[in-house]
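Before any comments, here is the structure.
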Amino acid sequence: MPSVDLADVVAQLRRAMRRAARAGDPAATLSVAQLEMLSCLAENPGARPGQLARLLRLAPSSVATLTHALRRADLVTRTGGEADRRTACLRLTPAGEVAVVRWKVLNENLLRTAFAALPEGSRGTIQAALAALSELAGAVNALADEQQAGPHPPGQGSLAPIGRSVTPAATVLGPGAASPPPAMSA
């Protein structure tokens, strides 16, 4: 079987999670972008729109569009800043808090159920890789921060050029990790 790149597995997992979340909660009407913004706001109460744009790596106009929709849905409030009333601070409403908790619980339940259905060896491999995956998430965030700070000479902190090959998942996660679980196959 050909090796599967780590990026491919991550993309498959993200798609599978979105698909399973929609199937698990068909009444949900919020987009993933809206849910991500609500989650970011839960972690950063009182954040200004510009801060959210930087944290989410979105254009300020995208944050403005999301904010408008979330305010209309009564999930977010917008008030003047504490120190400077010309600035805007965003906060979750009680309904926004419920939406964040509901999304997190749904995703935790999906992962718990899928994880339990895996063979023991796969569960052990995933469990052993959690710390490394957390480090990888931090490294990817650091790359995004570096890119946002400005251009770098090639090979010095910059992202790999498009088309450059990446390390296969088996190399990063260990033997047996290169193939996604059967439920995630395309």
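Following the order of the structure tokens, chains are lettered A, B, ..., residues in each are numbered from 1, and ligands are numbered from 1.
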(request) Can you pull out every residue within 7 Å of region 12-23 of chain A, counting only C-alpha atoms, but drop anything in the same chain fewer than 3 positions away, and send it as a ChimeraX atom specification? (result) /A:8-9,26,106-107,184
(message) Which residues are close to Asp145 (chain A), i.e. within 10 Å by only C-alpha atoms, leaving aside same-chain residues fewer than 4 positions away? Reply as number ranges by chain.
(response) A: 54-55, 57, 139-141, 149-150
Selection file, N, CA, C and O atoms, as a PDB file, in the first residue's frame:
```pdb
ATOM      1  N   ARG A  54      -6.106  37.858  13.700  1.00  0.00           N
ATOM      2  CA  ARG A  54      -4.737  37.342  13.827  1.00  0.00           C
ATOM      3  C   ARG A  54      -4.732  35.922  14.385  1.00  0.00           C
ATOM      4  O   ARG A  54      -4.020  35.056  13.890  1.00  0.00           O
ATOM      5  N   LEU A  55      -5.519  35.681  15.435  1.00  0.00           N
ATOM      6  CA  LEU A  55      -5.548  34.359  16.051  1.00  0.00           C
ATOM      7  C   LEU A  55      -6.063  33.282  15.095  1.00  0.00           C
ATOM      8  O   LEU A  55      -5.578  32.153  15.098  1.00  0.00           O
ATOM      9  N   ARG A  57      -6.109  33.603  11.792  1.00  0.00           N
ATOM     10  CA  ARG A  57      -5.435  33.753  10.494  1.00  0.00           C
ATOM     11  C   ARG A  57      -6.453  34.027   9.389  1.00  0.00           C
ATOM     12  O   ARG A  57      -6.445  33.413   8.333  1.00  0.00           O
ATOM     13  N   ALA A 139       4.230  23.605  16.574  1.00  0.00           N
ATOM     14  CA  ALA A 139       5.204  23.952  15.538  1.00  0.00           C
ATOM     15  C   ALA A 139       4.517  24.567  14.317  1.00  0.00           C
ATOM     16  O   ALA A 139       5.031  25.517  13.713  1.00  0.00           O
ATOM     17  N   VAL A 140       3.350  24.035  13.950  1.00  0.00           N
ATOM     18  CA  VAL A 140       2.608  24.598  12.818  1.00  0.00           C
ATOM     19  C   VAL A 140       2.145  26.006  13.163  1.00  0.00           C
ATOM     20  O   VAL A 140       2.242  26.927  12.338  1.00  0.00           O
ATOM     21  N   ASN A 141       1.654  26.214  14.378  1.00  0.00           N
ATOM     22  CA  ASN A 141       1.270  27.564  14.814  1.00  0.00           C
ATOM     23  C   ASN A 141       2.461  28.511  14.778  1.00  0.00           C
ATOM     24  O   ASN A 141       2.337  29.666  14.380  1.00  0.00           O
ATOM     25  N   ALA A 149       4.951  37.381  10.540  1.00  0.00           N
ATOM     26  CA  ALA A 149       5.933  38.390  10.942  1.00  0.00           C
ATOM     27  C   ALA A 149       6.680  38.966   9.747  1.00  0.00           C
ATOM     28  O   ALA A 149       7.228  40.049   9.827  1.00  0.00           O
ATOM     29  N   GLY A 150       6.709  38.250   8.653  1.00  0.00           N
ATOM     30  CA  GLY A 150       7.377  38.785   7.466  1.00  0.00           C
ATOM     31  C   GLY A 150       8.124  37.716   6.708  1.00  0.00           C
ATOM     32  O   GLY A 150       8.258  36.584   7.162  1.00  0.00           O
TER      33      GLY A 150
END
```
(request) Would you kindly return, as a list in words, each protein, DNA or RNA residue with an atom no farther than 7 Å from any atom of Thr93 (chain A), considering only C-alpha atoms and excluding same-chain residues fewer than 3 positions away? (result)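 After dropping sequence-adjacent residues, the list is Asp74, Leu75, Val76, Thr77, Gly96 and Glu97 of chain A.
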Resulting file, chosen residues, N, CA, C and O atoms, as a tab-separated table (two decimals), in the first residue's frame:
```tsv
chain	number	residue	atom	x	y	z
A	74	ASP	N	-27.57	36.07	17.74
A	74	ASP	CA	-27.51	36.30	19.19
A	74	ASP	C	-26.54	35.36	19.89
A	74	ASP	O	-26.78	34.88	20.99
A	75	LEU	N	-25.40	35.11	19.23
A	75	LEU	CA	-24.36	34.26	19.82
A	75	LEU	C	-23.17	35.08	20.31
A	75	LEU	O	-22.36	34.58	21.09
A	76	VAL	N	-23.08	36.34	19.84
A	76	VAL	CA	-21.97	37.22	20.18
A	76	VAL	C	-22.52	38.62	20.45
A	76	VAL	O	-23.47	39.05	19.80
A	77	THR	N	-21.90	39.30	21.43
A	77	THR	CA	-22.22	40.71	21.65
A	77	THR	C	-21.00	41.54	21.29
A	77	THR	O	-19.86	41.07	21.38
A	96	GLY	N	-24.19	31.59	22.80
A	96	GLY	CA	-22.89	31.34	22.17
A	96	GLY	C	-22.07	30.35	22.99
A	96	GLY	O	-21.41	29.47	22.43
A	97	GLU	N	-22.11	30.51	24.30
A	97	GLU	CA	-21.40	29.58	25.18
A	97	GLU	C	-21.96	28.17	25.02
A	97	GLU	O	-21.20	27.20	24.97
```
(message) For a test of reading the model, state the distance in Å between CA of Arg123 (chain A) and CA of Glu135 (chain A), rounded to one decimal.
(response) 19.1 Å
(request) Find the residues near Ser62 (chain A): any atom within 12 Å, counting only C-alpha atoms, skip ones fewer than 2 places away on the same chain, and give them as a ChimeraX atom specification. (result) /A:33-34,37,49-50,52-54,56-60,64-69
